[in-house]
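Have a look at entry-v4.pdb; it's PDB, C-alpha atoms and all ligand atoms:
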ATOM      1  CA  MET A 222       7.326 164.703 129.236
ATOM      2  CA  SER A 223       9.689 165.197 132.150
ATOM      3  CA  ALA A 224       7.538 166.352 135.070
ATOM      4  CA  ILE A 225       6.589 164.002 137.898
ATOM      5  CA  ILE A 226       2.808 163.813 138.248
ATOM      6  CA  LEU A 227       1.422 164.802 141.639
ATOM      7  CA  ASP A 228      -1.270 162.134 141.800
ATOM      8  CA  GLY A 229      -4.075 163.702 143.806
ATOM      9  CA  LYS A 230      -6.460 160.882 143.009
ATOM     10  CA  LYS A 231      -4.184 158.284 144.601
ATOM     11  CA  LEU A 232      -3.304 160.340 147.694
ATOM     12  CA  ALA A 233      -6.950 161.336 148.198
ATOM     13  CA  SER A 234      -8.007 157.715 148.056
ATOM     14  CA  GLN A 235      -5.418 156.797 150.748
ATOM     15  CA  ILE A 236      -6.712 159.629 152.952
ATOM     16  CA  ARG A 237     -10.310 158.491 152.475
ATOM     17  CA  GLU A 238      -9.402 154.881 153.324
ATOM     18  CA  ASP A 239      -7.677 156.053 156.474
ATOM     19  CA  LEU A 240     -10.725 158.096 157.497
ATOM     20  CA  SER A 241     -12.971 155.166 156.712
ATOM     21  CA  SER A 242     -11.056 152.893 159.103
ATOM     22  CA  LYS A 243     -11.123 155.556 161.800
ATOM     23  CA  ILE A 244     -14.881 155.915 161.412
ATOM     24  CA  SER A 245     -15.516 152.187 161.466
ATOM     25  CA  ALA A 246     -13.419 151.935 164.630
ATOM     26  CA  LEU A 247     -15.695 154.400 166.441
ATOM     27  CA  GLN A 248     -17.656 152.581 169.088
ATOM     28  CA  GLY A 249     -20.840 153.651 170.811
ATOM     29  CA  THR A 250     -21.217 156.970 169.006
ATOM     30  CA  LEU A 251     -23.009 158.169 165.945
ATOM     31  CA  PRO A 252     -20.659 158.705 162.991
ATOM     32  CA  PRO A 253     -19.471 162.179 161.989
ATOM     33  CA  ALA A 254     -22.122 164.120 160.090
ATOM     34  CA  LEU A 255     -21.779 166.810 157.456
ATOM     35  CA  ALA A 256     -24.641 169.109 156.434
ATOM     36  CA  VAL A 257     -24.489 170.570 152.942
ATOM     37  CA  VAL A 258     -26.745 173.538 152.199
ATOM     38  CA  LEU A 259     -27.567 173.847 148.518
ATOM     39  CA  VAL A 260     -29.556 176.887 147.417
ATOM     40  CA  GLY A 261     -31.091 176.999 143.947
ATOM     41  CA  ASP A 262     -30.615 174.955 140.786
ATOM     42  CA  ASN A 263     -27.023 175.599 139.708
ATOM     43  CA  GLU A 264     -26.168 172.452 137.729
ATOM     44  CA  ALA A 265     -22.438 172.508 138.540
ATOM     45  CA  SER A 266     -23.212 172.955 142.249
ATOM     46  CA  LYS A 267     -25.562 169.969 142.146
ATOM     47  CA  ILE A 268     -22.789 167.801 140.692
ATOM     48  CA  TYR A 269     -20.259 168.984 143.321
ATOM     49  CA  VAL A 270     -22.749 168.303 146.116
ATOM     50  CA  ARG A 271     -23.576 164.855 144.741
ATOM     51  CA  ASN A 272     -19.846 164.003 144.654
ATOM     52  CA  LYS A 273     -19.337 165.198 148.229
ATOM     53  CA  LYS A 274     -22.304 163.153 149.455
ATOM     54  CA  LYS A 275     -21.060 160.048 147.659
ATOM     55  CA  ALA A 276     -17.532 160.480 149.054
ATOM     56  CA  ALA A 277     -18.896 160.956 152.580
ATOM     57  CA  SER A 278     -21.168 157.893 152.367
ATOM     58  CA  GLU A 279     -18.285 155.752 151.099
ATOM     59  CA  ILE A 280     -16.310 156.345 154.287
ATOM     60  CA  GLY A 281     -19.304 155.892 156.610
ATOM     61  CA  MET A 282     -19.849 159.592 157.235
ATOM     62  CA  ILE A 283     -23.391 160.948 157.298
ATOM     63  CA  CYS A 284     -24.022 163.662 154.715
ATOM     64  CA  GLU A 285     -27.337 165.517 154.875
ATOM     65  CA  VAL A 286     -28.100 167.700 151.872
ATOM     66  CA  LEU A 287     -30.571 170.529 152.475
ATOM     67  CA  GLU A 288     -31.934 171.628 149.119
ATOM     68  CA  LEU A 289     -33.460 175.090 149.368
ATOM     69  CA  SER A 290     -35.286 177.162 146.805
ATOM     70  CA  SER A 291     -33.360 179.940 145.029
ATOM     71  CA  GLY A 292     -36.055 182.328 146.304
ATOM     72  CA  ILE A 293     -35.146 181.822 149.975
ATOM     73  CA  GLY A 294     -34.398 185.094 151.763
ATOM     74  CA  GLU A 295     -31.206 185.844 153.651
ATOM     75  CA  ASN A 296     -32.936 185.749 157.053
ATOM     76  CA  ALA A 297     -34.576 182.410 156.376
ATOM     77  CA  LEU A 298     -31.224 180.985 155.281
ATOM     78  CA  LEU A 299     -29.591 182.354 158.434
ATOM     79  CA  GLU A 300     -32.243 180.515 160.453
ATOM     80  CA  VAL A 301     -31.350 177.270 158.703
ATOM     81  CA  ILE A 302     -27.673 177.839 159.553
ATOM     82  CA  ASN A 303     -28.523 178.607 163.185
ATOM     83  CA  GLU A 304     -30.505 175.399 163.482
ATOM     84  CA  LEU A 305     -27.597 173.408 162.108
ATOM     85  CA  ASN A 306     -25.218 175.226 164.466
ATOM     86  CA  SER A 307     -27.245 174.127 167.472
ATOM     87  CA  ASN A 308     -27.866 170.579 166.243
ATOM     88  CA  HIS A 309     -25.092 168.650 167.938
ATOM     89  CA  HIS A 310     -25.607 165.622 165.700
ATOM     90  CA  ILE A 311     -24.158 167.754 162.887
ATOM     91  CA  HIS A 312     -20.403 168.307 163.096
ATOM     92  CA  GLY A 313     -19.661 170.099 159.831
ATOM     93  CA  ILE A 314     -21.670 172.622 157.811
ATOM     94  CA  ILE A 315     -20.935 173.814 154.303
ATOM     95  CA  VAL A 316     -22.902 176.162 152.093
ATOM     96  CA  GLN A 317     -22.350 175.380 148.433
ATOM     97  CA  LEU A 318     -21.314 178.512 146.542
ATOM     98  CA  PRO A 319     -22.305 180.474 144.557
ATOM     99  CA  LEU A 320     -25.446 181.702 146.327
ATOM    100  CA  PRO A 321     -28.185 183.555 144.420
ATOM    101  CA  PRO A 322     -27.281 187.233 143.900
ATOM    102  CA  HIS A 323     -29.765 188.576 146.492
ATOM    103  CA  ILE A 324     -27.906 186.760 149.284
ATOM    104  CA  ASN A 325     -24.630 188.126 150.623
ATOM    105  CA  PRO A 326     -22.351 185.073 150.986
ATOM    106  CA  LEU A 327     -20.295 186.763 153.698
ATOM    107  CA  HIS A 328     -23.379 187.157 155.912
ATOM    108  CA  ILE A 329     -24.134 183.462 155.568
ATOM    109  CA  LEU A 330     -20.578 182.141 155.899
ATOM    110  CA  SER A 331     -20.002 184.337 158.967
ATOM    111  CA  ALA A 332     -23.032 182.751 160.632
ATOM    112  CA  ILE A 333     -21.637 179.200 160.490
ATOM    113  CA  SER A 334     -20.249 178.188 163.855
ATOM    114  CA  PRO A 335     -16.437 178.391 163.482
ATOM    115  CA  GLN A 336     -16.128 174.894 165.010
ATOM    116  CA  LYS A 337     -18.428 173.466 162.291
ATOM    117  CA  ASP A 338     -17.061 175.596 159.444
ATOM    118  CA  VAL A 339     -15.388 172.693 157.624
ATOM    119  CA  ASP A 340     -14.903 174.722 154.430
ATOM    120  CA  GLY A 341     -12.924 177.253 156.474
ATOM    121  CA  PHE A 342     -14.743 180.139 154.741
ATOM    122  CA  ASN A 343     -15.983 181.859 157.912
ATOM    123  CA  PRO A 344     -13.895 185.051 158.275
ATOM    124  CA  TYR A 345     -13.000 183.877 161.780
ATOM    125  CA  ASN A 346     -11.197 180.793 160.433
ATOM    126  CA  ALA A 347      -9.728 182.798 157.550
ATOM    127  CA  GLY A 348      -8.418 185.242 160.170
ATOM    128  CA  LEU A 349      -6.930 182.466 162.297
ATOM    129  CA  LEU A 350      -5.128 181.180 159.214
ATOM    130  CA  SER A 351      -3.770 184.694 158.574
ATOM    131  CA  CYS A 352      -2.544 184.796 162.182
ATOM    132  CA  ARG A 353      -0.819 181.444 161.643
ATOM    133  CA  GLU A 354      -2.988 179.836 164.315
ATOM    134  CA  ASP A 355      -2.899 176.036 164.347
ATOM    135  CA  SER A 356      -6.533 175.846 165.438
ATOM    136  CA  ALA A 357      -7.769 177.372 162.130
ATOM    137  CA  ILE A 358      -9.936 175.135 159.977
ATOM    138  CA  ILE A 359      -8.153 175.490 156.646
ATOM    139  CA  SER A 360     -10.242 175.543 153.488
ATOM    140  CA  ALA A 361     -10.122 172.285 151.628
ATOM    141  CA  THR A 362      -8.538 173.263 148.304
ATOM    142  CA  PRO A 363      -5.479 175.084 149.695
ATOM    143  CA  LYS A 364      -5.092 172.409 152.386
ATOM    144  CA  GLY A 365      -5.194 169.726 149.683
ATOM    145  CA  ILE A 366      -2.528 171.553 147.678
ATOM    146  CA  LEU A 367      -0.233 171.744 150.698
ATOM    147  CA  ARG A 368      -0.782 168.057 151.498
ATOM    148  CA  LEU A 369       0.129 167.085 147.915
ATOM    149  CA  LEU A 370       3.332 169.158 148.071
ATOM    150  CA  GLN A 371       4.288 167.754 151.472
ATOM    151  CA  HIS A 372       3.531 164.196 150.389
ATOM    152  CA  SER A 373       6.209 164.515 147.697
ATOM    153  CA  ASP A 374       8.648 166.183 150.127
ATOM    154  CA  ILE A 375       8.769 169.310 148.011
ATOM    155  CA  GLU A 376      10.840 171.979 149.726
ATOM    156  CA  LEU A 377       8.754 175.094 150.406
ATOM    157  CA  SER A 378      10.803 177.213 152.805
ATOM    158  CA  GLY A 379      12.347 180.212 151.058
ATOM    159  CA  LYS A 380      10.801 179.326 147.679
ATOM    160  CA  HIS A 381       8.997 181.865 145.561
ATOM    161  CA  ALA A 382       5.337 180.892 145.161
ATOM    162  CA  VAL A 383       3.318 182.778 142.578
ATOM    163  CA  ILE A 384      -0.443 182.418 142.941
ATOM    164  CA  ILE A 385      -2.700 183.207 139.983
ATOM    165  CA  GLY A 386      -6.064 184.298 141.413
ATOM    166  CA  ARG A 387      -7.114 186.064 144.600
ATOM    167  CA  SER A 388     -10.544 184.581 145.351
ATOM    168  CA  ASN A 389     -11.587 184.105 148.971
ATOM    169  CA  ILE A 390     -11.978 180.380 148.440
ATOM    170  CA  VAL A 391      -8.726 179.494 146.657
ATOM    171  CA  GLY A 392      -6.185 182.199 145.748
ATOM    172  CA  ARG A 393      -6.098 184.146 149.011
ATOM    173  CA  PRO A 394      -6.031 181.206 151.453
ATOM    174  CA  ALA A 395      -3.509 179.389 149.223
ATOM    175  CA  ALA A 396      -1.250 182.461 149.342
ATOM    176  CA  ILE A 397      -1.471 182.688 153.135
ATOM    177  CA  LEU A 398      -0.867 178.973 153.535
ATOM    178  CA  MET A 399       2.266 179.208 151.374
ATOM    179  CA  LEU A 400       3.408 182.252 153.369
ATOM    180  CA  ASN A 401       2.908 180.251 156.577
ATOM    181  CA  GLN A 402       5.226 177.630 155.041
ATOM    182  CA  ASP A 403       7.907 180.317 154.702
ATOM    183  CA  CYS A 404       7.487 180.800 150.963
ATOM    184  CA  THR A 405       7.941 184.241 149.481
ATOM    185  CA  VAL A 406       4.544 184.847 147.933
ATOM    186  CA  THR A 407       3.357 186.883 144.956
ATOM    187  CA  ILE A 408      -0.405 187.069 144.418
ATOM    188  CA  THR A 409      -1.495 187.863 140.869
ATOM    189  CA  HIS A 410      -4.975 188.563 139.528
ATOM    190  CA  SER A 411      -6.900 189.856 136.534
ATOM    191  CA  LYS A 412      -5.438 193.371 136.858
ATOM    192  CA  THR A 413      -1.831 192.203 137.249
ATOM    193  CA  GLN A 414       0.632 193.645 134.766
ATOM    194  CA  ASN A 415       3.451 191.485 133.402
ATOM    195  CA  LEU A 416       1.833 188.244 134.580
ATOM    196  CA  GLN A 417       4.156 186.102 132.483
ATOM    197  CA  ALA A 418       7.306 187.772 133.820
ATOM    198  CA  LEU A 419       6.136 187.204 137.412
ATOM    199  CA  ILE A 420       5.283 183.565 136.775
ATOM    200  CA  LYS A 421       8.667 183.028 135.150
ATOM    201  CA  GLN A 422      10.287 183.852 138.527
ATOM    202  CA  ALA A 423       8.260 181.250 140.406
ATOM    203  CA  ASP A 424       9.622 178.102 142.017
ATOM    204  CA  ILE A 425       6.006 177.116 142.685
ATOM    205  CA  VAL A 426       3.056 178.199 140.537
ATOM    206  CA  ILE A 427      -0.495 177.803 141.826
ATOM    207  CA  ALA A 428      -2.942 178.536 139.028
ATOM    208  CA  ALA A 429      -6.509 179.279 140.211
ATOM    209  CA  CYS A 430      -7.982 181.718 137.735
ATOM    210  CA  GLY A 431     -10.564 179.693 135.798
ATOM    211  CA  SER A 432      -8.965 180.478 132.443
ATOM    212  CA  PRO A 433      -8.503 177.324 130.337
ATOM    213  CA  LYS A 434      -4.855 176.467 129.503
ATOM    214  CA  LEU A 435      -3.739 180.030 130.245
ATOM    215  CA  VAL A 436      -0.286 179.097 131.541
ATOM    216  CA  LYS A 437       2.132 178.129 128.759
ATOM    217  CA  LYS A 438       5.492 176.388 128.679
ATOM    218  CA  ASP A 439       7.534 179.524 128.016
ATOM    219  CA  TRP A 440       6.047 181.206 131.131
ATOM    220  CA  ILE A 441       7.584 178.574 133.411
ATOM    221  CA  LYS A 442      11.053 178.502 134.928
ATOM    222  CA  PRO A 443      12.595 175.092 134.159
ATOM    223  CA  GLY A 444      12.103 172.782 137.149
ATOM    224  CA  ALA A 445       9.268 174.783 138.731
ATOM    225  CA  VAL A 446       6.453 172.974 140.563
ATOM    226  CA  VAL A 447       3.094 173.628 138.911
ATOM    227  CA  ILE A 448      -0.216 173.199 140.746
ATOM    228  CA  ASP A 449      -3.291 173.524 138.566
ATOM    229  CA  VAL A 450      -6.494 174.280 140.470
ATOM    230  CA  GLY A 451      -8.600 175.250 137.457
ATOM    231  CA  ILE A 452     -11.568 173.173 136.396
ATOM    232  CA  ASN A 453     -12.698 174.290 132.955
ATOM    233  CA  ARG A 454     -14.470 172.783 130.002
ATOM    234  CA  LEU A 455     -12.861 173.258 126.623
ATOM    235  CA  GLU A 456     -14.373 171.637 123.537
ATOM    236  CA  GLY A 457     -16.324 169.290 125.809
ATOM    237  CA  LYS A 458     -13.241 168.126 127.744
ATOM    238  CA  LEU A 459     -12.104 169.008 131.272
ATOM    239  CA  CYS A 460      -8.919 171.030 131.478
ATOM    240  CA  GLY A 461      -7.109 173.205 133.980
ATOM    241  CA  ASP A 462      -5.664 176.703 133.900
ATOM    242  CA  VAL A 463      -2.338 175.260 132.765
ATOM    243  CA  ASP A 464      -1.508 173.896 129.317
ATOM    244  CA  PHE A 465      -0.590 170.469 130.696
ATOM    245  CA  GLU A 466       0.838 169.025 127.460
ATOM    246  CA  GLU A 467       3.342 171.856 127.128
ATOM    247  CA  VAL A 468       4.090 172.714 130.737
ATOM    248  CA  SER A 469       4.698 169.112 131.809
ATOM    249  CA  GLN A 470       7.753 169.183 129.489
ATOM    250  CA  ILE A 471       9.481 171.831 131.588
ATOM    251  CA  ALA A 472       8.088 171.583 135.154
ATOM    252  CA  SER A 473       9.617 169.276 137.791
ATOM    253  CA  TYR A 474       6.224 168.353 139.271
ATOM    254  CA  ILE A 475       2.730 169.007 137.945
ATOM    255  CA  THR A 476      -0.856 168.207 138.929
ATOM    256  CA  PRO A 477      -3.135 166.791 136.215
ATOM    257  CA  VAL A 478      -6.718 167.939 135.618
ATOM    258  CA  PRO A 479      -8.688 165.868 136.394
ATOM    259  CA  GLY A 480      -6.990 163.775 139.102
ATOM    260  CA  GLY A 481      -4.899 166.430 140.869
ATOM    261  CA  VAL A 482      -6.267 169.090 143.194
ATOM    262  CA  GLY A 483      -9.968 168.185 142.718
ATOM    263  CA  PRO A 484      -9.935 164.824 144.556
ATOM    264  CA  MET A 485      -7.703 166.334 147.273
ATOM    265  CA  THR A 486     -10.322 169.036 147.909
ATOM    266  CA  VAL A 487     -12.986 166.432 148.613
ATOM    267  CA  ALA A 488     -10.629 164.377 150.819
ATOM    268  CA  MET A 489      -9.701 167.468 152.852
ATOM    269  CA  LEU A 490     -13.360 168.376 153.332
ATOM    270  CA  LEU A 491     -13.954 164.896 154.780
ATOM    271  CA  GLU A 492     -10.836 165.204 156.936
ATOM    272  CA  ASN A 493     -11.928 168.619 158.233
ATOM    273  CA  THR A 494     -15.335 167.153 159.110
ATOM    274  CA  PHE A 495     -13.770 164.207 160.903
ATOM    275  CA  GLU A 496     -11.465 166.502 162.877
ATOM    276  CA  ALA A 497     -14.384 168.802 163.764
ATOM    277  CA  PHE A 498     -16.284 165.726 164.950
ATOM    278  CA  GLN A 499     -13.357 164.653 167.153
ATOM    279  CA  LYS A 500     -13.087 168.103 168.737
ATOM    280  CA  GLN A 501     -16.836 168.332 169.328
ATOM    281  CA  ALA A 502     -16.928 164.827 170.824
ATOM    282  CA  GLN A 503     -14.642 166.121 173.552
ATOM    283  CA  THR A 504     -17.249 168.742 174.493
ATOM    284  CA  PRO A 505     -20.231 167.276 176.357
ATOM    285  CA  HIS A 506     -23.746 168.518 175.596
ATOM    286  CA  PRO A 507     -25.285 168.726 179.070
ATOM    287  CA  GLN A 508     -28.828 169.628 177.968
ATOM    288  CA  CYS A 509     -29.242 166.635 175.714
ATOM    289  CA  HIS A 510     -30.584 163.348 177.061
ATOM    290  CA  CYS A 511     -31.181 161.515 173.832
ATOM    291  CA  HIS A 512     -30.056 157.949 173.419
ATOM    292  CA  HIS A 513     -27.212 158.782 171.033
ATOM    293  CA  CYS A 514     -25.716 161.572 173.114
ATOM    294  CA  ASN A 515     -25.594 159.441 176.237
ATOM    295  CA  HIS A 516     -23.274 157.226 174.242
ATOM    296  CA  SER A 517     -21.044 160.012 173.007
ATOM    297  CA  LEU A 518     -20.635 161.913 176.269
TER     298      LEU A 518
HETATM  299  P1  LIG B 601     -12.905 183.120 140.858
HETATM  300  O1  LIG B 601     -13.544 183.408 139.541
HETATM  301  O2  LIG B 601     -13.605 183.448 142.119
HETATM  302  O3  LIG B 601     -11.502 183.847 140.906
HETATM  303  C1  LIG B 601     -10.616 183.844 139.807
HETATM  304  C2  LIG B 601      -9.426 184.691 140.150
HETATM  305  O4  LIG B 601      -8.531 184.631 139.056
HETATM  306  C3  LIG B 601      -9.770 186.167 140.363
HETATM  307  O5  LIG B 601      -9.062 186.616 141.511
HETATM  308  C4  LIG B 601      -9.253 186.861 139.103
HETATM  309  O6  LIG B 601      -8.737 188.156 139.389
HETATM  310  C5  LIG B 601      -8.134 185.937 138.658
HETATM  311  N1  LIG B 601      -7.965 185.920 137.201
HETATM  312  C6  LIG B 601      -8.903 185.681 136.264
HETATM  313  N2  LIG B 601      -8.357 185.729 135.021
HETATM  314  C7  LIG B 601      -7.040 185.993 135.209
HETATM  315  C8  LIG B 601      -5.950 186.166 134.323
HETATM  316  N3  LIG B 601      -6.106 186.061 133.006
HETATM  317  N4  LIG B 601      -4.747 186.427 134.834
HETATM  318  C9  LIG B 601      -4.558 186.520 136.192
HETATM  319  N5  LIG B 601      -5.565 186.354 137.078
HETATM  320  C10 LIG B 601      -6.786 186.091 136.587
HETATM  321  O7  LIG B 601     -12.526 181.560 140.794
HETATM  322  P2  LIG B 601     -12.175 180.530 141.970
HETATM  323  O8  LIG B 601     -13.406 180.160 142.666
HETATM  324  O9  LIG B 601     -10.998 181.012 142.728
HETATM  325  O10 LIG B 601     -11.738 179.279 141.081
HETATM  326  C11 LIG B 601     -10.662 179.337 140.193
HETATM  327  C12 LIG B 601     -10.619 178.072 139.368
HETATM  328  O11 LIG B 601     -10.403 176.968 140.250
HETATM  329  C13 LIG B 601     -11.906 177.748 138.618
HETATM  330  O12 LIG B 601     -11.566 177.090 137.417
HETATM  331  C14 LIG B 601     -12.620 176.805 139.540
HETATM  332  O13 LIG B 601     -13.510 175.938 138.860
HETATM  333  C15 LIG B 601     -11.465 176.041 140.106
HETATM  334  N6  LIG B 601     -11.682 175.455 141.427
HETATM  335  C16 LIG B 601     -11.209 174.203 141.597
HETATM  336  C17 LIG B 601     -11.312 173.605 142.823
HETATM  337  C18 LIG B 601     -10.751 172.241 142.981
HETATM  338  O14 LIG B 601     -11.048 171.580 143.937
HETATM  339  N7  LIG B 601      -9.898 171.793 142.078
HETATM  340  C19 LIG B 601     -11.899 174.272 143.893
HETATM  341  C20 LIG B 601     -12.365 175.566 143.699
HETATM  342  C21 LIG B 601     -12.226 176.153 142.458
END

Translate the structure described by the file into structure tokens.
Ligand code: NAD
Amino acid sequence: MSAIILDGKKLASQIREDLSSKISALQGTLPPALAVVLVGDNEASKIYVRNKKKAASEIGMICEVLELSSGIGENALLEVINELNSNHHIHGIIVQLPLPPHINPLHILSAISPQKDVDGFNPYNAGLLSCREDSAIISATPKGILRLLQHSDIELSGKHAVIIGRSNIVGRPAAILMLNQDCTVTITHSKTQNLQALIKQADIVIAACGSPKLVKKDWIKPGAVVIDVGINRLEGKLCGDVDFEEVSQIASYITPVPGGVGPMTVAMLLENTFEAFQKQAQTPHPQCHCHHCNHSL
């Protein structure tokens, strides 16, 4: 194996430690608080939410999980979001996806206050990212990918980044983020023709298609950087969208699955929540006279 491993687990743990010290240094205010809305009984979602709650608690961040029945209507869910928007003890709100089919995720994500939208899925934040606005809250997975690349001083400007996948939560924002870093970007998807030939031209490959071990060694230009976002189960074991055994022989850098992008996603969610908290702490809440707010004004 020749590729250098981009160790997301290690970097994420440094980021979490740093956040933890910042939170313990806060004096006279309540800690940052994240609200996670979980609708229905999706087993994978429950595991993701449990991991987020654990990670938040470990750094001293409050994480409130609101478990709602899969039968909840769109209007009732919008009311829950509105309540969280106006609760100034909550600094970040995420809605765990997927939502049940009778609920339009865009309606719900658009209702989250952009300042509390720590997943960056509200079209307003997605739009700010497209406009290359620094104030955008950037969704956690693409932000984590960029942080991993920057941590290893990987040159991005002028490089050809090929993204596999165009979902709103990974492929699209990752493509825009790479474009904002002056990469030349190709977005591929399930209808793309000549996928292999396009990937072969890439200096940076970001695989986010949910197709186990799709990307093979002979698809990769020698020395390319390979970021594997996929989380799949194959014969009972976790694997990515990249055939790690093969591709690590030819890439210059590669992320493992698990231990690559996954832990970075959680760390970036916590970082986004902490940053949202800091920004909101600068805005006083004149109507509130509760004990805690008097401290944080
Ligand atoms: P999605 O199903 O919403 O989107 C998949 C995208 O891949 C689509 O745009 C589709 O067109 C494209 N695609 C599918 N098969 C393809 C193929 N054979 N060739 C080219 N394109 C193809 O999935 P998603 O939510 O974007 O997630 C993608 C993967 O990343 C999944 O495995 C998911 O579990 C994982 N994921 C990981 C993290 C993390 O933190 N590591 C976060 C989110 C998602």

**Distance filter 10 Å around ligand LIG 601 (chain B), atoms: all atoms listed in the file, out as JSON, numbers by chain** = {"A": [265, 269, 318, 319, 360, 361, 362, 363, 365, 366, 384, 385, 386, 387, 388, 389, 390, 391, 392, 393, 408, 409, 410, 411, 412, 413, 414, 415, 416, 417, 428, 429, 430, 431, 432, 433, 435, 436, 448, 449, 450, 451, 452, 453, 454, 460, 461, 462, 478, 479, 480, 481, 482, 483, 484, 485, 486, 487, 488, 489]}

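Each of A:Gly379, A:Gly292, A:Pro321, A:Pro394 was compared to Gly348 in chain A using all atoms listed in the file, and A:Pro394 turns out to be the nearest.
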
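Once the PyMOL selection byres (((chain A and resi 285) around 7) and not hetatm) is applied to this file, the selection holds Leu255, Ala256, Val257, Ile283, Cys284, Val286 and Leu287 of chain A.
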
Include C-alpha atoms and write out the residues we just selected as a compact mmCIF listing (two decimals), in the coordinates of the input.
# COMPACT_ATOMS: atom_id res chain seq x y z
CA LEU A 255 -21.78 166.81 157.46
CA ALA A 256 -24.64 169.11 156.43
CA VAL A 257 -24.49 170.57 152.94
CA ILE A 283 -23.39 160.95 157.30
CA CYS A 284 -24.02 163.66 154.72
CA VAL A 286 -28.10 167.70 151.87
CA LEU A 287 -30.57 170.53 152.48

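Nearest-residue note for Ser290 in chain A: choosing from A:Ile315, A:Leu240, A:Ile302, A:Val260, the minimum distance belongs to A:Val260, counting all atoms listed in the file.
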
Could you check which residues have any atom within 12 Å of (-18.9, 175.0, 167.1), counting all atoms listed in the file with coordinates taken straight from the file, and then list them as a JSON list (two decimals) with C-alpha atoms, in the frame of the given file?
[["chain", "number", "residue", "atom", "x", "y", "z"],
["A", 302, "ILE", "CA", -27.67, 177.84, 159.55],
["A", 303, "ASN", "CA", -28.52, 178.61, 163.18],
["A", 305, "LEU", "CA", -27.60, 173.41, 162.11],
["A", 306, "ASN", "CA", -25.22, 175.23, 164.47],
["A", 307, "SER", "CA", -27.24, 174.13, 167.47],
["A", 308, "ASN", "CA", -27.87, 170.58, 166.24],
["A", 309, "HIS", "CA", -25.09, 168.65, 167.94],
["A", 310, "HIS", "CA", -25.61, 165.62, 165.70],
["A", 311, "ILE", "CA", -24.16, 167.75, 162.89],
["A", 312, "HIS", "CA", -20.40, 168.31, 163.10],
["A", 313, "GLY", "CA", -19.66, 170.10, 159.83],
["A", 314, "ILE", "CA", -21.67, 172.62, 157.81],
["A", 332, "ALA", "CA", -23.03, 182.75, 160.63],
["A", 333, "ILE", "CA", -21.64, 179.20, 160.49],
["A", 334, "SER", "CA", -20.25, 178.19, 163.86],
["A", 335, "PRO", "CA", -16.44, 178.39, 163.48],
["A", 336, "GLN", "CA", -16.13, 174.89, 165.01],
["A", 337, "LYS", "CA", -18.43, 173.47, 162.29],
["A", 338, "ASP", "CA", -17.06, 175.60, 159.44],
["A", 339, "VAL", "CA", -15.39, 172.69, 157.62],
["A", 343, "ASN", "CA", -15.98, 181.86, 157.91],
["A", 345, "TYR", "CA", -13.00, 183.88, 161.78],
["A", 346, "ASN", "CA", -11.20, 180.79, 160.43],
["A", 358, "ILE", "CA", -9.94, 175.14, 159.98],
["A", 494, "THR", "CA", -15.34, 167.15, 159.11],
["A", 497, "ALA", "CA", -14.38, 168.80, 163.76],
["A", 498, "PHE", "CA", -16.28, 165.73, 164.95],
["A", 499, "GLN", "CA", -13.36, 164.65, 167.15],
["A", 500, "LYS", "CA", -13.09, 168.10, 168.74],
["A", 501, "GLN", "CA", -16.84, 168.33, 169.33],
["A", 502, "ALA", "CA", -16.93, 164.83, 170.82],
["A", 503, "GLN", "CA", -14.64, 166.12, 173.55],
["A", 504, "THR", "CA", -17.25, 168.74, 174.49],
["A", 506, "HIS", "CA", -23.75, 168.52, 175.60]]
